[in-house]
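Printed here is structure29.cif (mmCIF, N, CA and C atoms):
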```
data_final
loop_
_atom_site.group_PDB
_atom_site.id
_atom_site.type_symbol
_atom_site.label_atom_id
_atom_site.label_comp_id
_atom_site.auth_asym_id
_atom_site.auth_seq_id
_atom_site.Cartn_x
_atom_site.Cartn_y
_atom_site.Cartn_z
ATOM 1 N N MET K 1 57.163 -31.271 -56.340
ATOM 2 C CA MET K 1 58.334 -31.300 -57.195
ATOM 3 C C MET K 1 57.993 -30.703 -58.549
ATOM 4 N N GLY K 2 59.032 -30.179 -59.169
ATOM 5 C CA GLY K 2 58.851 -29.576 -60.481
ATOM 6 C C GLY K 2 58.863 -30.620 -61.573
ATOM 7 N N LYS K 3 58.809 -30.134 -62.791
ATOM 8 C CA LYS K 3 58.843 -31.034 -63.940
ATOM 9 C C LYS K 3 60.212 -31.683 -64.046
ATOM 10 N N LYS K 4 60.219 -32.928 -64.469
ATOM 11 C CA LYS K 4 61.483 -33.627 -64.688
ATOM 12 C C LYS K 4 61.944 -33.350 -66.108
ATOM 13 N N MET K 5 63.265 -33.336 -66.297
ATOM 14 C CA MET K 5 63.806 -33.146 -67.633
ATOM 15 C C MET K 5 64.739 -34.300 -67.966
ATOM 16 N N THR K 6 64.916 -34.501 -69.228
ATOM 17 C CA THR K 6 65.805 -35.571 -69.671
ATOM 18 C C THR K 6 67.248 -35.167 -69.399
ATOM 19 N N TRP K 7 68.151 -36.141 -69.365
ATOM 20 C CA TRP K 7 69.549 -35.825 -69.117
ATOM 21 C C TRP K 7 70.139 -35.018 -70.263
ATOM 22 N N GLU K 8 69.599 -35.211 -71.480
ATOM 23 C CA GLU K 8 70.090 -34.447 -72.620
ATOM 24 C C GLU K 8 69.801 -32.957 -72.442
ATOM 25 N N THR K 9 68.579 -32.656 -71.981
ATOM 26 C CA THR K 9 68.200 -31.265 -71.744
ATOM 27 C C THR K 9 69.051 -30.673 -70.630
ATOM 28 N N ALA K 10 69.252 -31.433 -69.562
ATOM 29 C CA ALA K 10 70.068 -30.957 -68.448
ATOM 30 C C ALA K 10 71.502 -30.697 -68.900
ATOM 31 N N ALA K 11 72.039 -31.555 -69.752
ATOM 32 C CA ALA K 11 73.404 -31.388 -70.241
ATOM 33 C C ALA K 11 73.541 -30.105 -71.063
ATOM 34 N N LYS K 12 72.501 -29.782 -71.840
ATOM 35 C CA LYS K 12 72.534 -28.555 -72.644
ATOM 36 C C LYS K 12 72.516 -27.313 -71.757
ATOM 37 N N LEU K 13 71.830 -27.388 -70.619
ATOM 38 C CA LEU K 13 71.709 -26.250 -69.715
ATOM 39 C C LEU K 13 72.853 -26.151 -68.729
ATOM 40 N N SER K 14 73.668 -27.185 -68.638
ATOM 41 C CA SER K 14 74.750 -27.247 -67.654
ATOM 42 C C SER K 14 75.853 -26.253 -67.976
ATOM 43 N N PRO K 15 76.429 -25.610 -66.919
ATOM 44 C CA PRO K 15 77.538 -24.690 -67.155
ATOM 45 C C PRO K 15 78.872 -25.393 -67.334
ATOM 46 N N VAL K 16 78.890 -26.720 -67.312
ATOM 47 C CA VAL K 16 80.138 -27.472 -67.445
ATOM 48 C C VAL K 16 80.720 -27.241 -68.837
ATOM 49 N N HIS K 17 81.999 -27.032 -68.874
ATOM 50 C CA HIS K 17 82.681 -26.724 -70.128
ATOM 51 C C HIS K 17 83.316 -27.975 -70.712
ATOM 52 N N ASP K 18 83.566 -27.911 -72.006
ATOM 53 C CA ASP K 18 84.302 -28.966 -72.686
ATOM 54 C C ASP K 18 85.704 -28.999 -72.093
ATOM 55 N N LEU K 19 86.176 -30.179 -71.719
ATOM 56 C CA LEU K 19 87.481 -30.295 -71.067
ATOM 57 C C LEU K 19 88.632 -29.878 -71.968
ATOM 58 N N ASN K 20 88.424 -29.924 -73.274
ATOM 59 C CA ASN K 20 89.476 -29.530 -74.208
ATOM 60 C C ASN K 20 89.481 -28.027 -74.466
ATOM 61 N N GLU K 21 88.430 -27.340 -74.061
ATOM 62 C CA GLU K 21 88.316 -25.900 -74.284
ATOM 63 C C GLU K 21 88.784 -25.156 -73.045
ATOM 64 N N PRO K 22 89.697 -24.205 -73.191
ATOM 65 C CA PRO K 22 90.161 -23.470 -72.010
ATOM 66 C C PRO K 22 89.033 -22.630 -71.404
ATOM 67 N N VAL K 23 89.037 -22.533 -70.084
ATOM 68 C CA VAL K 23 88.032 -21.772 -69.362
ATOM 69 C C VAL K 23 88.643 -20.421 -69.008
ATOM 70 N N SER K 24 87.918 -19.359 -69.288
ATOM 71 C CA SER K 24 88.412 -18.019 -69.007
ATOM 72 C C SER K 24 88.369 -17.724 -67.512
ATOM 73 N N MET K 25 89.369 -16.972 -67.036
ATOM 74 C CA MET K 25 89.360 -16.521 -65.642
ATOM 75 C C MET K 25 88.338 -15.410 -65.441
ATOM 76 N N LEU K 26 87.975 -14.742 -66.514
ATOM 77 C CA LEU K 26 87.047 -13.624 -66.422
ATOM 78 C C LEU K 26 85.608 -14.103 -66.567
ATOM 79 N N ALA K 27 84.742 -13.546 -65.748
ATOM 80 C CA ALA K 27 83.327 -13.883 -65.826
ATOM 81 C C ALA K 27 82.702 -13.186 -67.027
ATOM 82 N N LYS K 28 81.676 -13.783 -67.562
ATOM 83 C CA LYS K 28 80.911 -13.134 -68.619
ATOM 84 C C LYS K 28 80.169 -11.958 -67.994
ATOM 85 N N PRO K 29 79.855 -10.932 -68.784
ATOM 86 C CA PRO K 29 79.106 -9.805 -68.219
ATOM 87 C C PRO K 29 77.845 -10.293 -67.500
ATOM 88 N N ASN K 30 77.635 -9.766 -66.296
ATOM 89 C CA ASN K 30 76.499 -10.220 -65.501
ATOM 90 C C ASN K 30 75.932 -9.067 -64.690
ATOM 91 N N LYS K 31 74.715 -9.241 -64.217
ATOM 92 C CA LYS K 31 74.019 -8.165 -63.502
ATOM 93 C C LYS K 31 74.575 -7.944 -62.090
ATOM 94 N N PHE K 32 75.383 -8.867 -61.599
ATOM 95 C CA PHE K 32 75.923 -8.754 -60.246
ATOM 96 C C PHE K 32 77.258 -8.015 -60.207
ATOM 97 N N GLY K 33 77.885 -7.850 -61.357
ATOM 98 C CA GLY K 33 79.166 -7.162 -61.416
ATOM 99 C C GLY K 33 80.353 -8.044 -61.083
ATOM 100 N N TYR K 34 80.157 -9.358 -61.058
ATOM 101 C CA TYR K 34 81.272 -10.270 -60.791
ATOM 102 C C TYR K 34 82.267 -10.185 -61.935
ATOM 103 N N ARG K 35 83.551 -10.190 -61.580
ATOM 104 C CA ARG K 35 84.601 -10.068 -62.585
ATOM 105 C C ARG K 35 85.323 -11.385 -62.844
ATOM 106 N N LEU K 36 85.364 -12.278 -61.837
ATOM 107 C CA LEU K 36 86.099 -13.532 -61.978
ATOM 108 C C LEU K 36 85.157 -14.712 -62.112
ATOM 109 N N ASN K 37 85.571 -15.669 -62.929
ATOM 110 C CA ASN K 37 84.805 -16.886 -63.173
ATOM 111 C C ASN K 37 85.250 -17.948 -62.167
ATOM 112 N N VAL K 38 84.406 -18.266 -61.201
ATOM 113 C CA VAL K 38 84.785 -19.238 -60.176
ATOM 114 C C VAL K 38 84.777 -20.675 -60.706
ATOM 115 N N GLN K 39 84.433 -20.870 -61.968
ATOM 116 C CA GLN K 39 84.510 -22.201 -62.573
ATOM 117 C C GLN K 39 85.908 -22.498 -63.114
ATOM 118 N N HIS K 40 86.760 -21.479 -63.196
ATOM 119 C CA HIS K 40 88.147 -21.675 -63.636
ATOM 120 C C HIS K 40 88.883 -22.411 -62.512
ATOM 121 N N PRO K 41 89.671 -23.442 -62.829
ATOM 122 C CA PRO K 41 90.313 -24.253 -61.784
ATOM 123 C C PRO K 41 91.125 -23.461 -60.752
ATOM 124 N N LEU K 42 91.948 -22.510 -61.184
ATOM 125 C CA LEU K 42 92.754 -21.731 -60.246
ATOM 126 C C LEU K 42 91.868 -20.814 -59.397
ATOM 127 N N ILE K 43 90.923 -20.142 -60.043
ATOM 128 C CA ILE K 43 90.023 -19.231 -59.326
ATOM 129 C C ILE K 43 89.158 -20.028 -58.348
ATOM 130 N N MET K 44 88.708 -21.207 -58.758
ATOM 131 C CA MET K 44 87.877 -22.040 -57.886
ATOM 132 C C MET K 44 88.638 -22.421 -56.614
ATOM 133 N N LYS K 45 89.916 -22.782 -56.763
ATOM 134 C CA LYS K 45 90.725 -23.154 -55.600
ATOM 135 C C LYS K 45 90.870 -21.956 -54.655
ATOM 136 N N MET K 46 91.159 -20.795 -55.229
ATOM 137 C CA MET K 46 91.281 -19.586 -54.425
ATOM 138 C C MET K 46 89.951 -19.235 -53.749
ATOM 139 N N TYR K 47 88.864 -19.401 -54.470
ATOM 140 C CA TYR K 47 87.520 -19.105 -53.968
ATOM 141 C C TYR K 47 87.165 -20.019 -52.790
ATOM 142 N N GLU K 48 87.451 -21.305 -52.934
ATOM 143 C CA GLU K 48 87.166 -22.262 -51.859
ATOM 144 C C GLU K 48 88.011 -21.954 -50.625
ATOM 145 N N ASN K 49 89.270 -21.595 -50.827
ATOM 146 C CA ASN K 49 90.144 -21.225 -49.708
ATOM 147 C C ASN K 49 89.632 -19.972 -49.003
ATOM 148 N N TYR K 50 89.177 -18.995 -49.777
ATOM 149 C CA TYR K 50 88.647 -17.762 -49.193
ATOM 150 C C TYR K 50 87.388 -18.055 -48.374
ATOM 151 N N LYS K 51 86.490 -18.881 -48.931
ATOM 152 C CA LYS K 51 85.258 -19.220 -48.198
ATOM 153 C C LYS K 51 85.588 -19.914 -46.885
ATOM 154 N N ALA K 52 86.565 -20.806 -46.888
ATOM 155 C CA ALA K 52 86.973 -21.493 -45.656
ATOM 156 C C ALA K 52 87.578 -20.501 -44.667
ATOM 157 N N LYS K 53 88.366 -19.557 -45.176
ATOM 158 C CA LYS K 53 89.014 -18.564 -44.316
ATOM 159 C C LYS K 53 87.987 -17.698 -43.592
ATOM 160 N N VAL K 54 86.929 -17.290 -44.310
ATOM 161 C CA VAL K 54 85.912 -16.432 -43.689
ATOM 162 C C VAL K 54 84.821 -17.248 -43.004
ATOM 163 N N GLY K 55 84.868 -18.577 -43.161
ATOM 164 C CA GLY K 55 83.907 -19.449 -42.489
ATOM 165 C C GLY K 55 82.510 -19.405 -43.066
ATOM 166 N N GLU K 56 82.408 -19.238 -44.372
ATOM 167 C CA GLU K 56 81.102 -19.161 -45.042
ATOM 168 C C GLU K 56 81.016 -20.199 -46.153
ATOM 169 N N LYS K 57 79.812 -20.716 -46.371
ATOM 170 C CA LYS K 57 79.584 -21.596 -47.514
ATOM 171 C C LYS K 57 79.151 -20.793 -48.735
ATOM 172 N N ILE K 58 78.431 -19.701 -48.474
ATOM 173 C CA ILE K 58 77.972 -18.805 -49.526
ATOM 174 C C ILE K 58 78.398 -17.394 -49.133
ATOM 175 N N LEU K 59 79.044 -16.696 -50.060
ATOM 176 C CA LEU K 59 79.543 -15.364 -49.763
ATOM 177 C C LEU K 59 78.480 -14.296 -50.009
ATOM 178 N N SER K 60 78.535 -13.253 -49.204
ATOM 179 C CA SER K 60 77.693 -12.083 -49.453
ATOM 180 C C SER K 60 78.296 -11.325 -50.630
ATOM 181 N N ASP K 61 77.571 -10.339 -51.138
ATOM 182 C CA ASP K 61 78.107 -9.536 -52.234
ATOM 183 C C ASP K 61 79.384 -8.817 -51.816
ATOM 184 N N ALA K 62 79.403 -8.305 -50.590
ATOM 185 C CA ALA K 62 80.599 -7.606 -50.097
ATOM 186 C C ALA K 62 81.782 -8.567 -49.982
ATOM 187 N N GLN K 63 81.529 -9.794 -49.512
ATOM 188 C CA GLN K 63 82.600 -10.791 -49.398
ATOM 189 C C GLN K 63 83.094 -11.196 -50.780
ATOM 190 N N ARG K 64 82.186 -11.358 -51.741
ATOM 191 C CA ARG K 64 82.579 -11.727 -53.098
ATOM 192 C C ARG K 64 83.438 -10.625 -53.702
ATOM 193 N N GLN K 65 83.049 -9.366 -53.478
ATOM 194 C CA GLN K 65 83.823 -8.244 -53.992
ATOM 195 C C GLN K 65 85.211 -8.221 -53.345
ATOM 196 N N ASP K 66 85.268 -8.480 -52.038
ATOM 197 C CA ASP K 66 86.556 -8.531 -51.339
ATOM 198 C C ASP K 66 87.419 -9.658 -51.897
ATOM 199 N N PHE K 67 86.821 -10.833 -52.099
ATOM 200 C CA PHE K 67 87.553 -11.959 -52.676
ATOM 201 C C PHE K 67 88.132 -11.580 -54.031
ATOM 202 N N GLU K 68 87.310 -11.001 -54.908
ATOM 203 C CA GLU K 68 87.769 -10.668 -56.253
ATOM 204 C C GLU K 68 88.889 -9.627 -56.212
ATOM 205 N N ASN K 69 88.759 -8.623 -55.347
ATOM 206 C CA ASN K 69 89.812 -7.614 -55.233
ATOM 207 C C ASN K 69 91.123 -8.253 -54.799
ATOM 208 N N ARG K 70 91.055 -9.124 -53.786
ATOM 209 C CA ARG K 70 92.264 -9.784 -53.299
ATOM 210 C C ARG K 70 92.851 -10.731 -54.350
ATOM 211 N N ALA K 71 91.992 -11.479 -55.023
ATOM 212 C CA ALA K 71 92.451 -12.441 -56.029
ATOM 213 C C ALA K 71 93.117 -11.729 -57.198
ATOM 214 N N ILE K 72 92.518 -10.660 -57.677
ATOM 215 C CA ILE K 72 93.088 -9.913 -58.799
ATOM 216 C C ILE K 72 94.430 -9.307 -58.395
ATOM 217 N N LEU K 73 94.515 -8.760 -57.208
ATOM 218 C CA LEU K 73 95.779 -8.201 -56.714
ATOM 219 C C LEU K 73 96.847 -9.293 -56.620
ATOM 220 N N PHE K 74 96.488 -10.451 -56.064
ATOM 221 C CA PHE K 74 97.423 -11.568 -55.934
ATOM 222 C C PHE K 74 97.917 -12.029 -57.310
ATOM 223 N N LEU K 75 96.996 -12.244 -58.230
ATOM 224 C CA LEU K 75 97.367 -12.731 -59.563
ATOM 225 C C LEU K 75 98.247 -11.719 -60.290
ATOM 226 N N THR K 76 97.932 -10.444 -60.143
ATOM 227 C CA THR K 76 98.716 -9.394 -60.784
ATOM 228 C C THR K 76 100.132 -9.368 -60.216
ATOM 229 N N ARG K 77 100.241 -9.466 -58.898
ATOM 230 C CA ARG K 77 101.582 -9.451 -58.263
ATOM 231 C C ARG K 77 102.417 -10.657 -58.656
ATOM 232 N N LYS K 78 101.748 -11.793 -58.894
ATOM 233 C CA LYS K 78 102.461 -13.012 -59.294
ATOM 234 C C LYS K 78 102.759 -13.022 -60.799
ATOM 235 N N GLY K 79 102.253 -12.034 -61.510
ATOM 236 C CA GLY K 79 102.512 -11.955 -62.951
ATOM 237 C C GLY K 79 101.663 -12.911 -63.765
ATOM 238 N N ILE K 80 100.545 -13.345 -63.197
ATOM 239 C CA ILE K 80 99.643 -14.252 -63.907
ATOM 240 C C ILE K 80 98.637 -13.422 -64.678
ATOM 241 N N ALA K 81 98.608 -13.616 -65.990
ATOM 242 C CA ALA K 81 97.691 -12.864 -66.846
ATOM 243 C C ALA K 81 96.266 -13.332 -66.594
ATOM 244 N N ILE K 82 95.388 -12.392 -66.347
ATOM 245 C CA ILE K 82 93.976 -12.701 -66.133
ATOM 246 C C ILE K 82 93.285 -12.599 -67.472
ATOM 247 N N LYS K 83 92.980 -13.755 -68.037
ATOM 248 C CA LYS K 83 92.313 -13.771 -69.351
ATOM 249 C C LYS K 83 91.361 -14.910 -69.436
#
```
Would you mind writing the file out in structure tokens?
Amino acid sequence: MGKKMTWETAAKLSPVHDLNEPVSMLAKPNKFGYRLNVQHPLIMKMYENYKAKVGEKILSDAQRQDFENRAILFLTRKGIAIK
């Protein structure tokens, strides 16, 4: 096992957001080229539904790209601003 850390240290490193702060639908710039933030409540629901539809727990890069293309198209058609 690795080194143990205090809960305070873990909390600082956690990607969990302040509940009062809005979460962006857009991902921060990253080396993978992901455009959508799957931590956003609406995107997360869509992401979980997509994973169930394709029967995967973890998506490949091609599946993630397909998900993002479909999600962005869906949100745009529904008039939901991606911000």
Legend entry - Separation of atom C of Val54 (chain K) from CA of Asp66 (chain K), in Å and rounded to one decimal: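 For atom C of Val54 (chain K) relative to CA of Asp66 (chain K), the distance reads 12.2 Å.
When CA of Tyr47 (chain K) is paired with atom N of Pro22 (chain K), their separation reads 20.0 Å.
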Legend entry - Which of chain K fall in alpha helix (DSSP H), as a ChimeraX atom specification: /K:7-13,41-54,61-77
Inset, instruction - Could you check which of K:Leu73, K:Gly55, K:Thr6, K:Glu68 is closest to Leu36 (chain K), using all atoms listed in the file? - result: K:Glu68
Legend entry - Nearby residues (all atoms listed in the file) at most 6.5 Å from Ala27 (chain K), same-chain spacing under 6 positions excluded, as a list in words: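 The neighbour list is Tyr34, Arg35, Leu36, Asn37 and Val38 of chain K.
When only C-alpha atoms are used to measure the gap to Tyr50 (chain K), the shortest distance among K:Thr9, K:Gln63, K:Ser24, K:Thr76 belongs to K:Gln63.
The space separating CA of Phe32 (chain K) from CA of Arg64 (chain K) comes to 10.2 Å.
Distances here use only N, CA and C atoms; by that measure, the residue among K:Arg77, K:His40, K:Lys4, K:Lys53 closest to Val23 (chain K) is K:His40.
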Would you mind putting N, CA, C and O atoms back on region 44-67 of chain K and writing the result as a short mmCIF file (atom, residue, chain, number, x, y, z; two decimals), keeping the file's coordinate frame?
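Contents of part_33.cif, as written:
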```cif
data_model
loop_
_atom_site.label_atom_id
_atom_site.label_comp_id
_atom_site.auth_asym_id
_atom_site.auth_seq_id
_atom_site.Cartn_x
_atom_site.Cartn_y
_atom_site.Cartn_z
N MET K 44 88.71 -21.21 -58.76
CA MET K 44 87.88 -22.04 -57.89
C MET K 44 88.64 -22.42 -56.61
O MET K 44 88.09 -22.36 -55.51
N LYS K 45 89.92 -22.78 -56.76
CA LYS K 45 90.72 -23.15 -55.60
C LYS K 45 90.87 -21.96 -54.66
O LYS K 45 90.72 -22.08 -53.44
N MET K 46 91.16 -20.80 -55.23
CA MET K 46 91.28 -19.59 -54.42
C MET K 46 89.95 -19.24 -53.75
O MET K 46 89.92 -18.82 -52.59
N TYR K 47 88.86 -19.40 -54.47
CA TYR K 47 87.52 -19.10 -53.97
C TYR K 47 87.16 -20.02 -52.79
O TYR K 47 86.67 -19.56 -51.76
N GLU K 48 87.45 -21.30 -52.93
CA GLU K 48 87.17 -22.26 -51.86
C GLU K 48 88.01 -21.95 -50.62
O GLU K 48 87.53 -22.03 -49.50
N ASN K 49 89.27 -21.60 -50.83
CA ASN K 49 90.14 -21.22 -49.71
C ASN K 49 89.63 -19.97 -49.00
O ASN K 49 89.66 -19.89 -47.77
N TYR K 50 89.18 -19.00 -49.78
CA TYR K 50 88.65 -17.76 -49.19
C TYR K 50 87.39 -18.06 -48.37
O TYR K 50 87.24 -17.55 -47.26
N LYS K 51 86.49 -18.88 -48.93
CA LYS K 51 85.26 -19.22 -48.20
C LYS K 51 85.59 -19.91 -46.88
O LYS K 51 84.97 -19.63 -45.85
N ALA K 52 86.56 -20.81 -46.89
CA ALA K 52 86.97 -21.49 -45.66
C ALA K 52 87.58 -20.50 -44.67
O ALA K 52 87.32 -20.58 -43.46
N LYS K 53 88.37 -19.56 -45.18
CA LYS K 53 89.01 -18.56 -44.32
C LYS K 53 87.99 -17.70 -43.59
O LYS K 53 88.15 -17.41 -42.41
N VAL K 54 86.93 -17.29 -44.31
CA VAL K 54 85.91 -16.43 -43.69
C VAL K 54 84.82 -17.25 -43.00
O VAL K 54 83.95 -16.68 -42.36
N GLY K 55 84.87 -18.58 -43.16
CA GLY K 55 83.91 -19.45 -42.49
C GLY K 55 82.51 -19.40 -43.07
O GLY K 55 81.52 -19.54 -42.34
N GLU K 56 82.41 -19.24 -44.37
CA GLU K 56 81.10 -19.16 -45.04
C GLU K 56 81.02 -20.20 -46.15
O GLU K 56 82.01 -20.51 -46.80
N LYS K 57 79.81 -20.72 -46.37
CA LYS K 57 79.58 -21.60 -47.51
C LYS K 57 79.15 -20.79 -48.74
O LYS K 57 79.43 -21.16 -49.86
N ILE K 58 78.43 -19.70 -48.47
CA ILE K 58 77.97 -18.80 -49.53
C ILE K 58 78.40 -17.39 -49.13
O ILE K 58 78.15 -16.95 -48.02
N LEU K 59 79.04 -16.70 -50.06
CA LEU K 59 79.54 -15.36 -49.76
C LEU K 59 78.48 -14.30 -50.01
O LEU K 59 77.67 -14.42 -50.93
N SER K 60 78.54 -13.25 -49.20
CA SER K 60 77.69 -12.08 -49.45
C SER K 60 78.30 -11.32 -50.63
O SER K 60 79.42 -11.60 -51.06
N ASP K 61 77.57 -10.34 -51.14
CA ASP K 61 78.11 -9.54 -52.23
C ASP K 61 79.38 -8.82 -51.82
O ASP K 61 80.34 -8.74 -52.59
N ALA K 62 79.40 -8.30 -50.59
CA ALA K 62 80.60 -7.61 -50.10
C ALA K 62 81.78 -8.57 -49.98
O ALA K 62 82.92 -8.22 -50.32
N GLN K 63 81.53 -9.79 -49.51
CA GLN K 63 82.60 -10.79 -49.40
C GLN K 63 83.09 -11.20 -50.78
O GLN K 63 84.29 -11.37 -50.99
N ARG K 64 82.19 -11.36 -51.74
CA ARG K 64 82.58 -11.73 -53.10
C ARG K 64 83.44 -10.62 -53.70
O ARG K 64 84.45 -10.88 -54.35
N GLN K 65 83.05 -9.37 -53.48
CA GLN K 65 83.82 -8.24 -53.99
C GLN K 65 85.21 -8.22 -53.34
O GLN K 65 86.21 -8.01 -54.02
N ASP K 66 85.27 -8.48 -52.04
CA ASP K 66 86.56 -8.53 -51.34
C ASP K 66 87.42 -9.66 -51.90
O ASP K 66 88.61 -9.48 -52.15
N PHE K 67 86.82 -10.83 -52.10
CA PHE K 67 87.55 -11.96 -52.68
C PHE K 67 88.13 -11.58 -54.03
O PHE K 67 89.31 -11.82 -54.31
#
```
